$ cat run_39.cif   # mmCIF, C-alpha atoms
data_structure
#
loop_
_atom_site.group_PDB
_atom_site.id
_atom_site.type_symbol
_atom_site.label_atom_id
_atom_site.label_comp_id
_atom_site.auth_asym_id
_atom_site.auth_seq_id
_atom_site.Cartn_x
_atom_site.Cartn_y
_atom_site.Cartn_z
ATOM 1 C CA MET A 1 0.000 0.000 0.000
ATOM 2 C CA LYS A 2 1.301 3.447 -0.929
ATOM 3 C CA THR A 3 1.479 5.777 2.076
ATOM 4 C CA TYR A 4 1.616 9.567 2.201
ATOM 5 C CA THR A 5 3.561 11.750 4.584
ATOM 6 C CA TYR A 6 4.123 15.464 4.914
ATOM 7 C CA THR A 7 6.921 17.731 6.101
ATOM 8 C CA GLU A 8 4.958 20.967 6.332
ATOM 9 C CA LYS A 9 1.503 22.296 7.111
ATOM 10 C CA LYS A 10 0.082 25.370 5.455
ATOM 11 C CA ASP A 11 -3.347 26.897 5.022
ATOM 12 C CA THR A 12 -5.106 26.428 1.701
ATOM 13 C CA ARG A 13 -5.998 30.149 1.562
ATOM 14 C CA SER A 14 -2.263 30.838 1.219
ATOM 15 C CA GLY A 15 -2.275 28.522 -1.785
ATOM 16 C CA PHE A 16 -4.967 30.727 -3.285
ATOM 17 C CA GLY A 17 -2.884 33.823 -2.576
ATOM 18 C CA ALA A 18 0.187 32.306 -4.208
ATOM 19 C CA GLY A 19 -1.783 31.210 -7.262
ATOM 20 C CA LEU A 20 -3.397 34.627 -7.630
ATOM 21 C CA ALA A 21 0.000 36.334 -7.405
ATOM 22 C CA GLU A 22 1.345 34.086 -10.153
ATOM 23 C CA LEU A 23 -1.646 34.869 -12.345
ATOM 24 C CA GLY A 24 -0.941 38.548 -11.787
ATOM 25 C CA ARG A 25 2.438 38.044 -13.435
ATOM 26 C CA THR A 26 1.289 35.826 -16.308
ATOM 27 C CA ASN A 27 -2.262 36.874 -17.235
ATOM 28 C CA PRO A 28 -2.888 40.620 -17.701
ATOM 29 C CA ASN A 29 -6.653 40.110 -17.815
ATOM 30 C CA VAL A 30 -6.853 38.772 -14.256
ATOM 31 C CA VAL A 31 -8.214 41.321 -11.777
ATOM 32 C CA ALA A 32 -9.044 40.874 -8.107
ATOM 33 C CA LEU A 33 -11.830 42.179 -5.896
ATOM 34 C CA CYS A 34 -12.102 41.875 -2.127
ATOM 35 C CA ALA A 35 -14.761 42.609 0.486
ATOM 36 C CA ASP A 36 -12.477 44.068 3.169
ATOM 37 C CA LEU A 37 -10.635 40.798 3.903
ATOM 38 C CA ILE A 38 -7.336 41.209 2.051
ATOM 39 C CA GLY A 39 -5.214 39.635 4.790
ATOM 40 C CA SER A 40 -7.563 36.724 5.376
ATOM 41 C CA LEU A 41 -7.652 35.925 1.652
ATOM 42 C CA LYS A 42 -3.851 36.341 1.293
ATOM 43 C CA MET A 43 -4.259 38.786 -1.598
ATOM 44 C CA ASN A 44 -1.470 41.147 -0.491
ATOM 45 C CA GLU A 45 1.173 39.975 -2.957
ATOM 46 C CA PHE A 46 -1.140 40.370 -5.959
ATOM 47 C CA ILE A 47 -2.096 43.867 -4.788
ATOM 48 C CA GLU A 48 1.506 44.967 -4.216
ATOM 49 C CA GLU A 49 2.484 43.892 -7.713
ATOM 50 C CA ASN A 50 -0.728 44.948 -9.483
ATOM 51 C CA PRO A 51 -2.308 47.863 -7.602
ATOM 52 C CA ASP A 52 -4.198 49.031 -10.701
ATOM 53 C CA ARG A 53 -5.847 45.615 -11.096
ATOM 54 C CA PHE A 54 -7.298 45.414 -7.588
ATOM 55 C CA PHE A 55 -10.640 46.731 -6.328
ATOM 56 C CA GLN A 56 -11.356 47.072 -2.608
ATOM 57 C CA ILE A 57 -15.137 46.924 -2.437
ATOM 58 C CA GLY A 58 -15.528 47.003 1.332
ATOM 59 C CA ILE A 59 -18.212 45.150 3.252
ATOM 60 C CA ALA A 60 -20.554 45.148 0.262
ATOM 61 C CA GLU A 61 -20.409 41.617 -1.098
ATOM 62 C CA ALA A 62 -23.486 41.957 -3.311
ATOM 63 C CA ASN A 63 -21.932 44.964 -5.012
ATOM 64 C CA MET A 64 -18.707 42.996 -5.447
ATOM 65 C CA MET A 65 -20.504 40.280 -7.429
ATOM 66 C CA GLY A 66 -22.236 42.818 -9.640
ATOM 67 C CA ILE A 67 -18.987 44.684 -10.335
ATOM 68 C CA ALA A 68 -17.231 41.395 -11.107
ATOM 69 C CA ALA A 69 -19.947 40.447 -13.585
ATOM 70 C CA GLY A 70 -19.573 43.824 -15.294
ATOM 71 C CA LEU A 71 -15.802 43.517 -15.544
ATOM 72 C CA THR A 72 -16.155 40.335 -17.611
ATOM 73 C CA ILE A 73 -17.916 42.280 -20.356
ATOM 74 C CA GLY A 74 -14.668 44.132 -20.992
ATOM 75 C CA GLY A 75 -12.701 40.894 -21.198
ATOM 76 C CA LYS A 76 -11.371 40.873 -17.645
ATOM 77 C CA ILE A 77 -11.194 37.727 -15.515
ATOM 78 C CA PRO A 78 -12.318 38.790 -12.035
ATOM 79 C CA PHE A 79 -11.407 36.818 -8.915
ATOM 80 C CA THR A 80 -13.617 37.787 -5.960
ATOM 81 C CA GLY A 81 -12.426 37.176 -2.412
ATOM 82 C CA THR A 82 -14.264 36.875 0.882
ATOM 83 C CA PHE A 83 -15.336 34.200 3.386
ATOM 84 C CA ALA A 84 -17.369 31.282 1.992
ATOM 85 C CA ASN A 85 -20.419 32.315 4.010
ATOM 86 C CA PHE A 86 -20.380 35.773 2.455
ATOM 87 C CA SER A 87 -19.365 34.445 -0.985
ATOM 88 C CA THR A 88 -22.501 32.333 -1.321
ATOM 89 C CA GLY A 89 -25.383 32.662 1.136
ATOM 90 C CA ARG A 90 -25.205 36.428 1.472
ATOM 91 C CA VAL A 91 -25.028 37.046 -2.281
ATOM 92 C CA TYR A 92 -26.864 34.108 -3.806
ATOM 93 C CA ASP A 93 -29.314 36.286 -5.710
ATOM 94 C CA GLN A 94 -26.535 38.333 -7.304
ATOM 95 C CA ILE A 95 -24.583 35.213 -8.260
ATOM 96 C CA ARG A 96 -27.645 33.547 -9.754
ATOM 97 C CA GLN A 97 -28.978 36.533 -11.654
ATOM 98 C CA SER A 98 -25.833 38.444 -12.661
ATOM 99 C CA ILE A 99 -23.230 35.686 -12.991
ATOM 100 C CA ALA A 100 -24.628 32.165 -13.450
ATOM 101 C CA TYR A 101 -27.684 33.019 -15.561
ATOM 102 C CA SER A 102 -25.562 34.660 -18.254
ATOM 103 C CA GLY A 103 -22.496 32.460 -17.781
ATOM 104 C CA LYS A 104 -20.206 35.297 -16.754
ATOM 105 C CA ASN A 105 -16.511 34.441 -16.430
ATOM 106 C CA VAL A 106 -16.290 35.221 -12.688
ATOM 107 C CA LYS A 107 -14.146 33.200 -10.279
ATOM 108 C CA ILE A 108 -15.813 33.214 -6.845
ATOM 109 C CA CYS A 109 -13.008 32.445 -4.407
ATOM 110 C CA ALA A 110 -14.140 31.567 -0.908
ATOM 111 C CA SER A 111 -11.997 31.170 2.189
ATOM 112 C CA HIS A 112 -12.884 30.004 5.713
ATOM 113 C CA ALA A 113 -15.255 27.309 4.430
ATOM 114 C CA GLY A 114 -16.785 24.607 6.605
ATOM 115 C CA LEU A 115 -16.258 24.255 10.349
ATOM 116 C CA THR A 116 -12.522 24.792 10.495
ATOM 117 C CA LEU A 117 -12.561 28.559 10.810
ATOM 118 C CA GLY A 118 -13.336 27.438 14.338
ATOM 119 C CA GLU A 119 -13.558 30.113 16.971
ATOM 120 C CA ASP A 120 -15.331 32.606 14.676
ATOM 121 C CA GLY A 121 -18.448 30.566 15.413
ATOM 122 C CA ALA A 122 -21.543 29.299 13.638
ATOM 123 C CA THR A 123 -22.571 32.583 12.006
ATOM 124 C CA HIS A 124 -19.315 32.687 10.030
ATOM 125 C CA GLN A 125 -19.144 28.952 9.318
ATOM 126 C CA ILE A 126 -21.005 27.561 6.331
ATOM 127 C CA LEU A 127 -21.852 23.940 5.651
ATOM 128 C CA GLU A 128 -24.335 24.507 2.815
ATOM 129 C CA ASP A 129 -22.226 26.330 0.231
ATOM 130 C CA ILE A 130 -21.348 23.365 -1.989
ATOM 131 C CA GLY A 131 -25.041 22.547 -2.329
ATOM 132 C CA LEU A 132 -25.961 26.148 -3.061
ATOM 133 C CA MET A 133 -23.353 26.535 -5.764
ATOM 134 C CA LYS A 134 -23.572 23.153 -7.460
ATOM 135 C CA MET A 135 -27.296 23.667 -8.081
ATOM 136 C CA LEU A 136 -26.608 26.730 -10.235
ATOM 137 C CA PRO A 137 -26.599 25.743 -13.927
ATOM 138 C CA GLY A 138 -23.147 26.005 -15.457
ATOM 139 C CA MET A 139 -21.323 26.643 -12.166
ATOM 140 C CA VAL A 140 -18.092 24.678 -11.635
ATOM 141 C CA VAL A 141 -17.461 23.776 -7.974
ATOM 142 C CA ILE A 142 -13.905 23.045 -6.776
ATOM 143 C CA ASN A 143 -12.719 22.145 -3.260
ATOM 144 C CA PRO A 144 -8.948 21.416 -3.207
ATOM 145 C CA CYS A 145 -7.222 19.469 -0.451
ATOM 146 C CA ASP A 146 -3.945 21.243 0.376
ATOM 147 C CA TYR A 147 -1.781 24.303 -0.314
ATOM 148 C CA ASN A 148 -0.241 22.980 -3.530
ATOM 149 C CA GLN A 149 -3.527 21.807 -5.006
ATOM 150 C CA THR A 150 -5.238 25.107 -4.137
ATOM 151 C CA LYS A 151 -2.480 27.075 -5.851
ATOM 152 C CA ALA A 152 -2.725 24.842 -8.933
ATOM 153 C CA ALA A 153 -6.522 25.109 -8.999
ATOM 154 C CA THR A 154 -6.397 28.898 -8.735
ATOM 155 C CA ILE A 155 -4.100 29.085 -11.748
ATOM 156 C CA ALA A 156 -6.138 26.549 -13.729
ATOM 157 C CA ILE A 157 -9.518 28.237 -13.359
ATOM 158 C CA ALA A 158 -8.227 31.406 -15.038
ATOM 159 C CA ASP A 159 -8.080 29.400 -18.291
ATOM 160 C CA TYR A 160 -11.624 28.075 -17.892
ATOM 161 C CA ASP A 161 -14.284 30.210 -19.586
ATOM 162 C CA GLY A 162 -17.252 30.376 -17.237
ATOM 163 C CA PRO A 163 -18.262 30.841 -13.609
ATOM 164 C CA VAL A 164 -16.317 28.906 -10.959
ATOM 165 C CA TYR A 165 -16.733 28.515 -7.213
ATOM 166 C CA LEU A 166 -13.357 27.807 -5.580
ATOM 167 C CA ARG A 167 -13.642 26.785 -1.911
ATOM 168 C CA PHE A 168 -10.743 26.670 0.566
ATOM 169 C CA GLY A 169 -10.023 27.041 4.265
ATOM 170 C CA ARG A 170 -8.439 28.848 7.172
ATOM 171 C CA PRO A 171 -6.359 26.289 9.151
ATOM 172 C CA SER A 172 -2.927 24.914 8.398
ATOM 173 C CA VAL A 173 -3.218 21.399 6.960
ATOM 174 C CA PRO A 174 -0.633 18.889 5.672
ATOM 175 C CA ILE A 175 0.880 19.499 2.238
ATOM 176 C CA PHE A 176 0.985 16.127 0.502
ATOM 177 C CA THR A 177 0.371 16.765 -3.210
ATOM 178 C CA PRO A 178 3.127 17.729 -5.681
ATOM 179 C CA ALA A 179 4.134 21.354 -6.068
ATOM 180 C CA ASP A 180 4.359 20.913 -9.857
ATOM 181 C CA GLN A 181 1.001 19.192 -10.323
ATOM 182 C CA LYS A 182 -1.214 19.871 -13.309
ATOM 183 C CA PHE A 183 -4.729 20.612 -12.108
ATOM 184 C CA GLU A 184 -7.473 19.212 -14.337
ATOM 185 C CA ILE A 185 -11.005 20.431 -13.680
ATOM 186 C CA GLY A 186 -13.344 17.454 -13.320
ATOM 187 C CA LYS A 187 -10.583 14.841 -13.091
ATOM 188 C CA ALA A 188 -10.398 12.910 -9.803
ATOM 189 C CA ILE A 189 -7.064 11.755 -8.375
ATOM 190 C CA LYS A 190 -6.572 8.221 -7.069
ATOM 191 C CA PHE A 191 -4.137 8.255 -4.158
ATOM 192 C CA THR A 192 -4.244 4.599 -3.129
ATOM 193 C CA GLU A 193 -5.376 1.387 -4.807
ATOM 194 C CA GLY A 194 -7.777 -0.795 -2.864
ATOM 195 C CA THR A 195 -10.121 -3.736 -3.230
ATOM 196 C CA ASP A 196 -12.409 -3.709 -0.175
ATOM 197 C CA VAL A 197 -13.847 -0.177 -0.030
ATOM 198 C CA THR A 198 -13.774 3.088 -1.944
ATOM 199 C CA ILE A 199 -13.262 6.305 0.025
ATOM 200 C CA VAL A 200 -13.923 9.474 -1.942
ATOM 201 C CA ALA A 201 -13.100 12.679 -0.099
ATOM 202 C CA THR A 202 -12.833 16.373 -0.801
ATOM 203 C CA GLY A 203 -10.992 19.311 0.759
ATOM 204 C CA HIS A 204 -9.582 18.860 4.252
ATOM 205 C CA LEU A 205 -11.061 15.364 4.464
ATOM 206 C CA VAL A 206 -8.693 13.946 1.823
ATOM 207 C CA TRP A 207 -5.808 13.859 4.292
ATOM 208 C CA GLU A 208 -8.113 12.333 6.922
ATOM 209 C CA ALA A 209 -9.085 9.661 4.388
ATOM 210 C CA LEU A 210 -5.432 8.822 3.780
ATOM 211 C CA GLU A 211 -4.837 8.567 7.533
ATOM 212 C CA ALA A 212 -7.885 6.321 7.833
ATOM 213 C CA SER A 213 -6.595 4.094 5.041
ATOM 214 C CA LYS A 214 -3.442 3.396 7.064
ATOM 215 C CA VAL A 215 -5.490 2.278 10.068
ATOM 216 C CA LEU A 216 -7.730 0.158 7.846
ATOM 217 C CA ASN A 217 -4.737 -1.448 6.156
ATOM 218 C CA GLU A 218 -3.382 -2.517 9.532
ATOM 219 C CA ALA A 219 -6.766 -4.146 10.173
ATOM 220 C CA GLY A 220 -6.605 -6.008 6.870
ATOM 221 C CA ILE A 221 -8.986 -3.737 4.948
ATOM 222 C CA SER A 222 -7.783 -2.507 1.561
ATOM 223 C CA ALA A 223 -9.118 1.023 0.928
ATOM 224 C CA GLU A 224 -9.019 2.894 -2.366
ATOM 225 C CA VAL A 225 -8.755 6.631 -1.650
ATOM 226 C CA ILE A 226 -9.852 9.107 -4.313
ATOM 227 C CA ASP A 227 -9.556 12.892 -4.129
ATOM 228 C CA ILE A 228 -12.654 14.539 -5.591
ATOM 229 C CA HIS A 229 -11.387 18.092 -5.848
ATOM 230 C CA THR A 230 -14.026 18.971 -8.449
ATOM 231 C CA ILE A 231 -17.524 18.320 -7.159
ATOM 232 C CA LYS A 232 -19.098 19.700 -10.316
ATOM 233 C CA PRO A 233 -18.512 18.449 -12.942
ATOM 234 C CA LEU A 234 -18.081 15.182 -11.057
ATOM 235 C CA ASP A 235 -15.744 12.472 -12.336
ATOM 236 C CA ASP A 236 -18.443 9.795 -12.638
ATOM 237 C CA LYS A 237 -16.097 7.319 -14.320
ATOM 238 C CA ALA A 238 -13.537 7.352 -11.505
ATOM 239 C CA ILE A 239 -16.267 6.624 -8.971
ATOM 240 C CA LEU A 240 -17.995 3.898 -10.986
ATOM 241 C CA ASP A 241 -14.739 2.168 -11.936
ATOM 242 C CA SER A 242 -13.727 2.048 -8.281
ATOM 243 C CA VAL A 243 -17.010 0.754 -6.831
ATOM 244 C CA ALA A 244 -17.182 -1.893 -9.556
ATOM 245 C CA LYS A 245 -14.068 -3.293 -7.897
ATOM 246 C CA THR A 246 -14.747 -2.624 -4.203
ATOM 247 C CA GLY A 247 -18.528 -2.976 -3.946
ATOM 248 C CA CYS A 248 -19.040 -0.191 -1.366
ATOM 249 C CA ILE A 249 -18.172 3.452 -0.806
ATOM 250 C CA VAL A 250 -17.683 6.106 1.870
ATOM 251 C CA THR A 251 -17.910 9.808 1.027
ATOM 252 C CA ALA A 252 -16.174 12.341 3.265
ATOM 253 C CA GLU A 253 -16.573 16.120 3.267
ATOM 254 C CA GLU A 254 -16.521 19.165 5.546
ATOM 255 C CA HIS A 255 -20.097 20.006 4.602
ATOM 256 C CA ASN A 256 -23.684 19.076 5.372
ATOM 257 C CA HIS A 257 -24.571 15.616 4.071
ATOM 258 C CA LEU A 258 -27.555 17.324 2.446
ATOM 259 C CA GLY A 259 -26.495 18.789 -0.885
ATOM 260 C CA GLY A 260 -22.801 18.003 -0.766
ATOM 261 C CA LEU A 261 -20.369 15.595 -2.407
ATOM 262 C CA GLY A 262 -22.082 12.557 -0.894
ATOM 263 C CA GLU A 263 -25.401 13.328 -2.525
ATOM 264 C CA SER A 264 -23.721 13.903 -5.890
ATOM 265 C CA VAL A 265 -22.037 10.512 -5.598
ATOM 266 C CA ALA A 266 -25.318 8.880 -4.543
ATOM 267 C CA ARG A 267 -26.974 10.216 -7.696
ATOM 268 C CA VAL A 268 -24.292 8.627 -9.876
ATOM 269 C CA LEU A 269 -24.592 5.307 -8.069
ATOM 270 C CA ALA A 270 -28.397 5.301 -8.215
ATOM 271 C CA GLN A 271 -28.309 5.917 -11.966
ATOM 272 C CA HIS A 272 -25.582 3.448 -12.890
ATOM 273 C CA ASN A 273 -24.634 1.004 -10.134
ATOM 274 C CA PRO A 274 -26.573 1.039 -6.823
ATOM 275 C CA THR A 275 -23.923 0.495 -4.143
ATOM 276 C CA PRO A 276 -23.870 0.614 -0.322
ATOM 277 C CA GLN A 277 -22.737 4.082 0.770
ATOM 278 C CA GLU A 278 -21.947 5.768 4.090
ATOM 279 C CA PHE A 279 -21.652 9.524 4.585
ATOM 280 C CA VAL A 280 -19.004 11.299 6.660
ATOM 281 C CA ALA A 281 -20.425 14.813 6.846
ATOM 282 C CA THR A 282 -22.380 16.996 9.239
ATOM 283 C CA ASN A 283 -25.923 15.857 9.896
ATOM 284 C CA ASP A 284 -28.330 18.703 9.089
ATOM 285 C CA THR A 285 -26.814 21.064 11.642
ATOM 286 C CA PHE A 286 -25.113 24.403 12.080
ATOM 287 C CA GLY A 287 -21.680 24.579 13.690
ATOM 288 C CA GLU A 288 -20.532 26.308 16.879
ATOM 289 C CA SER A 289 -17.482 27.994 18.343
ATOM 290 C CA GLY A 290 -14.425 25.859 19.109
ATOM 291 C CA THR A 291 -11.009 24.950 17.808
ATOM 292 C CA PRO A 292 -10.940 23.270 14.395
ATOM 293 C CA ALA A 293 -9.804 19.974 15.950
ATOM 294 C CA GLN A 294 -12.568 20.066 18.561
ATOM 295 C CA LEU A 295 -15.218 20.740 15.961
ATOM 296 C CA MET A 296 -13.994 18.115 13.503
ATOM 297 C CA ASP A 297 -14.031 15.578 16.322
ATOM 298 C CA LYS A 298 -17.457 16.551 17.685
ATOM 299 C CA TYR A 299 -19.110 16.583 14.273
ATOM 300 C CA GLY A 300 -17.437 13.378 13.076
ATOM 301 C CA LEU A 301 -15.230 14.791 10.329
ATOM 302 C CA ASN A 302 -11.912 13.031 10.900
ATOM 303 C CA SER A 303 -10.048 9.802 10.231
ATOM 304 C CA ASP A 304 -11.715 8.013 13.157
ATOM 305 C CA ALA A 305 -15.145 8.769 11.697
ATOM 306 C CA ILE A 306 -14.035 7.516 8.283
ATOM 307 C CA VAL A 307 -12.764 4.245 9.776
ATOM 308 C CA LYS A 308 -16.101 3.775 11.543
ATOM 309 C CA ALA A 309 -18.023 4.481 8.331
ATOM 310 C CA VAL A 310 -15.896 1.979 6.409
ATOM 311 C CA ASN A 311 -16.569 -0.753 8.962
ATOM 312 C CA ASN A 312 -20.285 -0.029 8.718
ATOM 313 C CA VAL A 313 -20.482 0.009 4.933
ATOM 314 C CA ILE A 314 -18.478 -3.214 4.513
ATOM 315 C CA LYS A 315 -21.130 -4.995 6.581
ATOM 316 C CA ARG A 316 -23.721 -3.907 4.012
ATOM 317 C CA LYS A 317 -21.949 -5.421 0.988
#
$ encode --input "run_39.cif" --output "structure tokens"
Amino acid sequence: MKTYTYTEKKDTRSGFGAGLAELGRTNPNVVALCADLIGSLKMNEFIEENPDRFFQIGIAEANMMGIAAGLTIGGKIPFTGTFANFSTGRVYDQIRQSIAYSGKNVKICASHAGLTLGEDGATHQILEDIGLMKMLPGMVVINPCDYNQTKAATIAIADYDGPVYLRFGRPSVPIFTPADQKFEIGKAIKFTEGTDVTIVATGHLVWEALEASKVLNEAGISAEVIDIHTIKPLDDKAILDSVAKTGCIVTAEEHNHLGGLGESVARVLAQHNPTPQEFVATNDTFGESGTPAQLMDKYGLNSDAIVKAVNNVIKRK
């Protein structure tokens, strides 16, 4: 079994900042907008190098989306930056009407997603954003797993013509993907081969899935771990090929089980190959204040929860 280790932890929002800075040097059409959260979104380097291509909108997220939509008409590629809660729920009408409906080339970049912004509490956490965004026709939804993958995704979406929701987080997490990776929208990545169970995970839960696979391997269970960084369009083939071999699946995400990755996978299975499935996700709930580790443990979003889900789903084969 192939195992993964890491030598450094870094927040995925810094990967976004690094990718945006690189785009500033290579793509003159890329512009950035922020809703008074420059430091949190790690946009400083882009701004220092491209002050004439940055727009500080202030705490006016709805205006930011409308301005971004307008900028596309002149051929610009706007990257908007604020917390995931304010990037989606607060401005859903503007995204739907001004961006998605007309297929505007806006990149909605959202930090502090899920529970792991921690102590900021439930009003700033969002566990519904993947569902909100994937339901919009034509919207691409991406949730990378570490610093390197977030940087690569940020660079890649500038070349995609159409609206994109890019979701990333606040805490430092292990870096375990290659720095020189080529990011392909809609193309899942298989990290480990397995024969007993498929684990598909997204975002911060990919590392937890890899940790779970080590524990399972020691118990004699062979787990295939797949990184679903693009939730829409979903890599149906990667999922179906894997479950054809393993016969059961666990989905893992830092999101409500309603509307997230798990439900997208369930749709594919129901249409093509009904397969026992267990969900590692929050259960129709809001979050609360606490450290990221405390919250991930309380709400069952860690490697221990994945191991438990695997043991349950194997019994259903």
$ resolve_selection --input "run_39.cif" --expression "the PyMOL selection byres ((chain A and resi 158) around 9)" --output "PyMOL selection string"
chain A and resi 23+27+30+77-79+105+107+153-157+159-161
$ resolve_selection --input "run_39.cif" --expression "the PyMOL selection byres ((chain A and resi 195-209) around 7)" --output "PyMOL selection string"
chain A and resi 143-145+194+210-213+221-229+242-243+245-254+302-303+306
$ residues_around --input "run_39.cif" --residues "range 70-73 of chain A" --least-positions-apart "6" --cutoff "9 Å" --atoms "all atoms listed in the file" --output "ChimeraX atom specification"
/A:31,98,104-106
$ atom_distance --input "run_39.cif" --atom1 "CA of Ile95 in chain A" --atom2 "CA of Pro28 in chain A"
24.3 Å
$ closest_residue --input "run_39.cif" --among "A:Asn283, A:Thr12, A:Gln149, A:Asn273" --to "Ile185 in chain A" --atoms "only C-alpha atoms"
A:Gln149
$ closest_residue --input "run_39.cif" --among "A:Met133, A:Ala32, A:Ala84, A:Ala62" --to "Ala113 in chain A" --atoms "only C-alpha atoms"
A:Ala84
$ atom_distance --input "run_39.cif" --atom1 "CA of Gly186 in chain A" --atom2 "CA of Lys232 in chain A"
6.9 Å
$ resolve_selection --input "run_39.cif" --expression "the PyMOL selection byres ((chain A and resi 131) around 10)" --output "list in words"
Leu127, Glu128, Asp129, Ile130, Leu132, Met133, Lys134, Met135, Leu136, Val141, Ile231, His255, Asn256, His257, Leu258, Gly259, Gly260, Leu261, Glu263 and Ser264 of chain A
$ write_last_selection --input "run_39.cif" --atoms "C-alpha atoms" --output "mmCIF file, in the coordinates of the input"
data_model
loop_
_atom_site.group_PDB
_atom_site.id
_atom_site.type_symbol
_atom_site.label_atom_id
_atom_site.label_comp_id
_atom_site.auth_asym_id
_atom_site.auth_seq_id
_atom_site.Cartn_x
_atom_site.Cartn_y
_atom_site.Cartn_z
ATOM 1 C CA LEU A 127 -21.852 23.940 5.651
ATOM 2 C CA GLU A 128 -24.335 24.507 2.815
ATOM 3 C CA ASP A 129 -22.226 26.330 0.231
ATOM 4 C CA ILE A 130 -21.348 23.365 -1.989
ATOM 5 C CA LEU A 132 -25.961 26.148 -3.061
ATOM 6 C CA MET A 133 -23.353 26.535 -5.764
ATOM 7 C CA LYS A 134 -23.572 23.153 -7.460
ATOM 8 C CA MET A 135 -27.296 23.667 -8.081
ATOM 9 C CA LEU A 136 -26.608 26.730 -10.235
ATOM 10 C CA VAL A 141 -17.461 23.776 -7.974
ATOM 11 C CA ILE A 231 -17.524 18.320 -7.159
ATOM 12 C CA HIS A 255 -20.097 20.006 4.602
ATOM 13 C CA ASN A 256 -23.684 19.076 5.372
ATOM 14 C CA HIS A 257 -24.571 15.616 4.071
ATOM 15 C CA LEU A 258 -27.555 17.324 2.446
ATOM 16 C CA GLY A 259 -26.495 18.789 -0.885
ATOM 17 C CA GLY A 260 -22.801 18.003 -0.766
ATOM 18 C CA LEU A 261 -20.369 15.595 -2.407
ATOM 19 C CA GLU A 263 -25.401 13.328 -2.525
ATOM 20 C CA SER A 264 -23.721 13.903 -5.890
#
$ residues_around --input "run_39.cif" --residues "Ser102 in chain A" --least-positions-apart "3" --cutoff "10 Å" --atoms "all atoms listed in the file" --output "number ranges by chain"
A: 69, 96-99, 105, 137-138, 162-163
